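Text of work_30.csv, listed as CSV, C-alpha atoms:
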chain,number,residue,atom,x,y,z
A,1,MET,CA,-89.1,175.8,208.7
A,2,SER,CA,-92.9,175.4,209.2
A,3,LYS,CA,-94.3,172.0,208.4
A,4,ILE,CA,-97.8,173.4,207.9
A,5,CYS,CA,-99.2,173.4,204.3
A,6,GLY,CA,-102.3,175.2,203.0
A,7,SER,CA,-103.8,172.1,201.4
A,8,ALA,CA,-103.3,168.4,200.8
A,9,THR,CA,-102.3,169.1,197.2
A,10,GLU,CA,-99.7,171.6,198.4
A,11,ALA,CA,-98.4,169.1,201.0
A,12,LEU,CA,-97.9,166.4,198.3
A,13,ASP,CA,-96.4,168.7,195.7
A,14,GLY,CA,-93.1,167.4,194.3
A,15,ILE,CA,-93.4,164.1,196.3
A,16,LEU,CA,-95.8,161.9,194.2
A,17,HIS,CA,-94.6,159.8,191.3
A,18,ASP,CA,-95.8,156.7,189.4
A,19,GLY,CA,-95.0,153.3,191.0
A,20,MET,CA,-94.7,154.5,194.6
A,21,LEU,CA,-95.1,152.4,197.7
A,22,ILE,CA,-97.5,154.3,200.0
A,23,ALA,CA,-98.3,153.4,203.6
A,24,ALA,CA,-101.7,154.6,204.6
A,25,GLY,CA,-103.2,154.8,208.1
A,26,GLY,CA,-106.8,154.0,209.0
A,27,PHE,CA,-108.9,151.2,210.3
A,28,GLY,CA,-112.1,150.5,208.6
A,29,LEU,CA,-113.4,154.0,207.9
A,30,CYS,CA,-111.8,155.4,211.1
A,31,GLY,CA,-108.7,157.6,210.8
A,32,ILE,CA,-108.5,157.5,207.0
A,33,PRO,CA,-106.3,160.3,205.5
A,34,GLU,CA,-109.2,161.2,203.1
A,35,LEU,CA,-107.9,164.6,202.1
A,36,LEU,CA,-104.5,163.2,201.0
A,37,LEU,CA,-106.1,160.3,199.2
A,38,LYS,CA,-108.3,162.7,197.2
A,39,ALA,CA,-105.2,164.8,196.4
A,40,ILE,CA,-103.4,161.6,195.2
A,41,GLN,CA,-106.4,160.8,193.0
A,42,ASP,CA,-106.5,164.3,191.5
A,43,SER,CA,-102.7,164.1,190.8
A,44,GLY,CA,-103.2,161.2,188.4
A,45,VAL,CA,-100.2,159.2,189.5
A,46,LYS,CA,-100.6,155.5,188.8
A,47,ASP,CA,-99.2,152.0,189.3
A,48,LEU,CA,-99.3,152.6,193.1
A,49,THR,CA,-98.7,150.0,195.8
A,50,PHE,CA,-100.6,150.7,199.0
A,51,ALA,CA,-99.8,149.1,202.4
A,52,SER,CA,-103.0,149.6,204.4
A,53,ASN,CA,-105.1,147.5,206.7
A,54,ASN,CA,-108.0,147.8,204.2
A,55,ALA,CA,-109.1,149.7,201.1
A,56,GLY,CA,-112.0,151.6,202.6
A,57,VAL,CA,-115.2,151.2,200.6
A,58,ASP,CA,-116.1,151.8,197.0
A,59,ASP,CA,-116.4,155.6,197.2
A,60,PHE,CA,-114.3,156.4,200.2
A,61,GLY,CA,-110.7,155.8,201.3
A,62,ILE,CA,-108.4,154.0,198.9
A,63,GLY,CA,-111.6,152.8,197.2
A,64,ILE,CA,-111.6,156.1,195.2
A,65,LEU,CA,-108.2,155.2,193.8
A,66,LEU,CA,-109.4,151.7,192.8
A,67,GLN,CA,-112.2,153.3,190.9
A,68,THR,CA,-109.7,155.3,188.8
A,69,ARG,CA,-107.4,152.4,188.4
A,70,GLN,CA,-104.4,154.1,190.0
A,71,VAL,CA,-103.6,151.2,192.4
A,72,LYS,CA,-101.5,148.3,191.1
A,73,LYS,CA,-101.1,146.3,194.3
A,74,MET,CA,-102.4,146.2,197.9
A,75,LEU,CA,-100.6,144.9,201.0
A,76,SER,CA,-103.7,144.4,203.1
A,77,SER,CA,-105.3,142.5,206.0
A,78,TYR,CA,-109.0,143.0,205.6
A,79,VAL,CA,-110.7,143.5,202.2
A,80,GLY,CA,-114.3,142.6,202.8
A,81,GLU,CA,-116.1,145.9,202.4
A,82,ASN,CA,-115.1,147.0,198.9
A,83,ALA,CA,-116.9,145.5,195.9
A,84,GLU,CA,-114.6,147.1,193.4
A,85,PHE,CA,-111.6,145.7,195.2
A,86,MET,CA,-113.1,142.2,195.0
A,87,ARG,CA,-114.0,142.6,191.4
A,88,GLN,CA,-110.5,143.7,190.3
A,89,TYR,CA,-108.8,141.0,192.3
A,90,LEU,CA,-111.0,138.2,191.0
A,91,ALA,CA,-110.5,139.6,187.4
A,92,GLY,CA,-106.7,139.5,187.8
A,93,GLU,CA,-106.5,143.3,187.6
A,94,LEU,CA,-105.2,143.9,191.1
A,95,GLU,CA,-102.3,142.2,192.9
A,96,ILE,CA,-102.9,141.5,196.6
A,97,GLU,CA,-100.4,140.5,199.3
A,98,PHE,CA,-102.5,139.3,202.2
A,99,ASN,CA,-101.1,140.0,205.7
A,100,PRO,CA,-102.5,139.1,209.2
A,101,GLN,CA,-103.4,142.4,210.9
A,102,GLY,CA,-100.7,142.1,213.6
A,103,THR,CA,-98.1,141.1,211.0
A,104,LEU,CA,-99.0,144.1,208.8
A,105,ALA,CA,-98.8,146.5,211.8
A,106,GLU,CA,-95.5,145.0,212.9
A,107,ARG,CA,-94.0,145.1,209.3
A,108,MET,CA,-94.8,148.9,209.3
A,109,ARG,CA,-93.4,149.4,212.8
A,110,ALA,CA,-90.3,147.4,212.0
A,111,GLY,CA,-89.6,149.5,208.9
A,112,GLY,CA,-90.0,152.6,211.0
A,113,CYS,CA,-87.4,151.3,213.5
A,114,GLY,CA,-85.0,150.3,210.7
A,115,ILE,CA,-85.6,146.5,211.2
A,116,PRO,CA,-85.4,144.7,207.9
A,117,GLY,CA,-87.2,141.6,209.0
A,118,PHE,CA,-88.6,139.5,211.9
A,119,TYR,CA,-89.9,136.0,212.5
A,120,THR,CA,-93.4,135.2,213.6
A,121,ARG,CA,-95.5,132.0,214.1
A,122,THR,CA,-98.6,133.8,212.6
A,123,GLY,CA,-99.4,132.3,209.2
A,124,VAL,CA,-97.3,129.1,209.5
A,125,GLY,CA,-98.9,126.4,207.5
A,126,THR,CA,-101.2,128.7,205.5
A,127,LEU,CA,-101.0,130.5,202.1
A,128,VAL,CA,-99.4,133.4,204.0
A,129,ALA,CA,-96.3,131.3,204.5
A,130,GLU,CA,-95.8,130.3,200.9
A,131,GLY,CA,-92.4,131.3,199.5
A,132,LYS,CA,-91.1,132.7,202.8
A,133,GLU,CA,-88.1,131.5,204.8
A,134,HIS,CA,-89.0,129.1,207.7
A,135,LYS,CA,-86.9,128.8,210.9
A,136,GLU,CA,-87.3,127.0,214.1
A,137,PHE,CA,-87.1,128.7,217.5
A,138,ASN,CA,-87.6,126.6,220.7
A,139,GLY,CA,-89.0,123.8,218.6
A,140,GLU,CA,-91.6,125.8,216.9
A,141,THR,CA,-91.7,126.9,213.3
A,142,HIS,CA,-91.7,130.6,212.4
A,143,ILE,CA,-91.8,132.5,209.1
A,144,LEU,CA,-89.7,135.5,208.1
A,145,GLU,CA,-91.7,138.7,207.5
A,146,ARG,CA,-90.0,141.8,206.0
A,147,GLY,CA,-90.2,145.3,207.3
A,148,ILE,CA,-92.1,147.8,205.1
A,149,PHE,CA,-90.0,150.8,204.0
A,150,ALA,CA,-92.5,153.0,202.1
A,151,ASP,CA,-91.7,155.9,199.8
A,152,LEU,CA,-94.5,157.9,201.4
A,153,SER,CA,-96.7,157.7,204.5
A,154,ILE,CA,-100.1,159.4,204.6
A,155,VAL,CA,-101.9,159.4,208.0
A,156,LYS,CA,-104.7,161.3,209.8
A,157,ALA,CA,-104.4,162.5,213.4
A,158,TRP,CA,-107.2,163.8,215.7
A,159,LYS,CA,-104.9,166.5,217.2
A,160,ALA,CA,-101.4,167.6,216.5
A,161,ASP,CA,-99.2,170.6,217.3
A,162,GLU,CA,-97.3,172.6,214.8
A,163,THR,CA,-94.2,170.4,215.0
A,164,GLY,CA,-96.2,167.2,214.2
A,165,ASN,CA,-96.5,165.7,217.7
A,166,ALA,CA,-99.8,163.8,217.3
A,167,ILE,CA,-102.6,162.2,219.2
A,168,PHE,CA,-104.8,159.6,217.4
A,169,ARG,CA,-108.3,159.0,218.7
A,170,LYS,CA,-109.4,155.5,219.8
A,171,THR,CA,-109.4,152.9,216.9
A,172,ALA,CA,-107.5,155.3,214.6
A,173,ARG,CA,-104.4,154.6,216.7
A,174,ASN,CA,-104.2,151.0,215.4
A,175,PHE,CA,-102.5,151.6,212.1
A,176,ASN,CA,-101.7,155.4,211.9
A,177,PRO,CA,-98.6,155.5,214.1
A,178,PRO,CA,-96.8,152.5,212.5
A,179,ALA,CA,-97.8,153.7,209.0
A,180,ALA,CA,-96.4,157.1,209.8
A,181,MET,CA,-93.2,155.6,211.0
A,182,CYS,CA,-92.3,153.5,208.0
A,183,GLY,CA,-92.4,156.2,205.3
A,184,ARG,CA,-89.3,158.0,204.0
A,185,ILE,CA,-91.6,161.0,203.9
A,186,CYS,CA,-94.7,161.4,206.2
A,187,VAL,CA,-97.5,163.7,205.4
A,188,MET,CA,-100.2,164.0,208.1
A,189,GLU,CA,-103.6,165.6,207.9
A,190,VAL,CA,-105.1,166.8,211.2
A,191,GLU,CA,-108.5,167.6,212.5
A,192,GLU,CA,-107.3,170.1,215.2
A,193,MET,CA,-104.0,171.9,215.2
A,194,VAL,CA,-102.7,173.3,218.4
A,195,PRO,CA,-99.7,175.5,219.4
A,196,ALA,CA,-96.4,173.7,220.0
A,197,GLY,CA,-96.0,172.9,223.7
A,198,SER,CA,-99.7,172.6,224.4
A,199,LEU,CA,-99.9,168.8,224.3
A,200,ASP,CA,-99.0,166.7,227.4
A,201,PRO,CA,-95.8,164.9,226.4
A,202,ASP,CA,-97.1,161.7,228.1
A,203,HIS,CA,-100.2,161.7,225.8
A,204,ILE,CA,-98.4,162.0,222.5
A,205,HIS,CA,-98.8,158.8,220.3
A,206,LEU,CA,-96.4,159.9,217.5
A,207,PRO,CA,-93.4,162.2,217.9
A,208,GLY,CA,-93.2,165.0,215.4
A,209,ILE,CA,-89.7,163.8,214.3
A,210,TYR,CA,-91.5,161.3,212.0
A,211,VAL,CA,-93.7,164.0,210.4
A,212,ASN,CA,-92.5,166.1,207.4
A,213,LYS,CA,-95.6,168.0,206.5
A,214,LEU,CA,-99.0,168.9,208.0
A,215,VAL,CA,-102.3,169.9,206.6
A,216,GLN,CA,-105.5,170.8,208.5
A,217,GLY,CA,-108.9,170.4,207.0
A,218,ARG,CA,-112.5,169.4,207.4
A,219,HIS,CA,-113.3,165.7,207.5
A,220,GLU,CA,-116.2,163.5,206.8
A,221,LYS,CA,-117.4,161.4,209.6
A,222,ARG,CA,-118.7,158.1,208.1
A,223,ILE,CA,-120.2,155.1,209.8
A,224,GLU,CA,-119.0,151.8,208.4
A,225,GLN,CA,-121.7,149.6,209.7
A,226,ARG,CA,-125.0,151.1,210.9
A,227,THR,CA,-127.2,149.0,213.2
A,228,ILE,CA,-130.8,150.2,213.7
A,229,LEU,CA,-133.4,148.9,216.2
A,230,GLU,CA,-136.9,149.2,214.8
A,231,THR,CA,-139.8,149.3,217.2
A,232,ASN,CA,-143.5,149.1,216.3
A,233,ALA,CA,-145.5,152.1,217.5
A,234,ALA,CA,-148.3,151.2,219.9

Written form, structure tokens:
Amino acid sequence: MSKICGSATEALDGILHDGMLIAAGGFGLCGIPELLLKAIQDSGVKDLTFASNNAGVDDFGIGILLQTRQVKKMLSSYVGENAEFMRQYLAGELEIEFNPQGTLAERMRAGGCGIPGFYTRTGVGTLVAEGKEHKEFNGETHILERGIFADLSIVKAWKADETGNAIFRKTARNFNPPAAMCGRICVMEVEEMVPAGSLDPDHIHLPGIYVNKLVQGRHEKRIEQRTILETNAA
């Protein structure tokens, strides 16, 4: 049966419900599943928990769902570029579970591999460690972090074949593969779709076995931080 859907709305039909835990790929504004996020916004589902490195910006990425108050909680690493995110958190309107970036990526990867938890030194002695089990290994303290098992994964690939074998471009590879792995259902949007068998197996970053549905579409190419050198004309 074909995994290819005609639109993001079609790809998510029958999957979304209130209170879901959704793992979303992307790093900054790179590799964000923007079409699927817009479809989630349009669906009106609410009380969502997102596991994502960041929440985009105010009008892009998960930021659009913060504007419509559809997000209840964020499992995030970096939250510095979203004013509405900050406002809701400081006002007590949004729950946040902070994770070091490597820990968040590993929590997703662990969930995708069926691993319920792992120990790490990262975060020991900080707020991140509060309420978590501590254990010593080789004389050093570690904290227990739990794998993320999401109801849904939404990710964006640069190129994929019709079975879902995918390649992520540059920085978009940071969180998209582990986010895709940890969802019970994975929906992927793709910039370029190619015939099955046309990708070099050694170049595939995510096997199609993880992907349930695919949608191709046009994407916006945003720049998160623009640096301009001004020169005076002679």

Note to self: Can you tell me which residues surround segment 35-40 of chain A at a distance of at most 10 Å, considering only C-alpha atoms, apart from same-chain residues fewer than 4 positions away, and format the answer as a PyMOL selection string?
What the structure shows: chain A and resi 7-13+16-17+24+44-46+60-65+70+154-156+187-190+215-220

Check: Given the choices A:Asp42, A:Gly80, A:Glu34, A:Cys113, which gets closest to Asp59 of chain A if the distance is worked out from only C-alpha atoms?
Finding: A:Glu34

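Closest approach to Asn174 of chain A among A:Gly19, A:Gly112, A:Gly28, A:Gly139 is made by A:Gly28 (distances from only C-alpha atoms).
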
Taking all listed atoms of segment 105-117 of chain A, build the axis-aligned box, pad each of the six sides by 3 Å, then write its centre and edge lengths in Å to one decimal as AutoDock Vina command-line options.
--center_x -91.9 --center_y 147.1 --center_z 210.7 --size_x 19.8 --size_y 17.0 --size_z 11.6

Note to self: Let me make sure I understand: among A:Asn54, A:Ile4, A:Glu97, A:Glu106, which one has the smallest atom-to-atom distance to Glu130 of chain A if we use all atoms listed in the file?
What the structure shows: A:Glu97

Note to self: Would you pick out the contacts of segment 192-194 of chain A at 7 Å or less, using only C-alpha atoms, so that residues sharing its chain but fewer than 2 positions from it are not included, and give the list as a PyMOL selection string?
What the structure shows: chain A and resi 158-162+190+196+198+216

Those same residues, written as a short mmCIF file (atom, residue, chain, number, x, y, z; two decimals), keeping the file's coordinate frame with C-alpha atoms?
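As written to disk, selection-v1.cif reads:
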data_model
loop_
_atom_site.label_atom_id
_atom_site.label_comp_id
_atom_site.auth_asym_id
_atom_site.auth_seq_id
_atom_site.Cartn_x
_atom_site.Cartn_y
_atom_site.Cartn_z
CA TRP A 158 -107.20 163.80 215.70
CA LYS A 159 -104.90 166.50 217.20
CA ALA A 160 -101.40 167.60 216.50
CA ASP A 161 -99.20 170.60 217.30
CA GLU A 162 -97.30 172.60 214.80
CA VAL A 190 -105.10 166.80 211.20
CA ALA A 196 -96.40 173.70 220.00
CA SER A 198 -99.70 172.60 224.40
CA GLN A 216 -105.50 170.80 208.50
#

Next item on the list: Pull the neighbourhood of (-101.7, 151.1, 192.4) for me: all residues within 9 Å in file coordinates, counting only C-alpha atoms, as a PyMOL selection string.
Entry: chain A and resi 18-21+45-50+65-66+69-74+94-95

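The interatomic distance for the pair atom CA of Phe137 of chain A and atom CA of Thr122 of chain A works out to 13.5 Å.
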
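Here atom CA of Ala91 of chain A stands at a distance of 17.8 Å from atom CA of Ser76 of chain A.
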
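Each of A:Leu75, A:Ala172, A:Gln67, A:Leu229 was compared to Gln88 of chain A using all atoms listed in the file, and A:Gln67 turns out to be the nearest.
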
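When all atoms listed in the file are used to compute distances to Ala105 of chain A, the closest of the residues A:Ile167, A:Val211, A:Ile32, A:Ile148 turns out to be A:Ile148.
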
Checklist line | Residue neighbourhood Thr103 of chain A, 12 Å, all atoms listed in the file, exclusion window fewer than 4 positions, as a PyMOL selection string | finding: chain A and resi 51-53+75-77+97-99+107-110+117-123+128-129+143-148+175+178

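Nearest residue to Ser2 of chain A, choosing from A:Met181, A:Leu214, A:Leu206, A:Ile228 and counting all atoms listed in the file: A:Leu214.
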
Next item on the list: For Glu81 of chain A, please output as a ChimeraX atom specification all residues within 10 Å (counting only C-alpha atoms; exclusion window: fewer than 3 positions along the same chain).
Entry: /A:28,54-58,63,78,84-86,224-225

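Atom pair atom CA of Pro201 of chain A / atom CA of Asn176 of chain A: separated by 18.3 Å.
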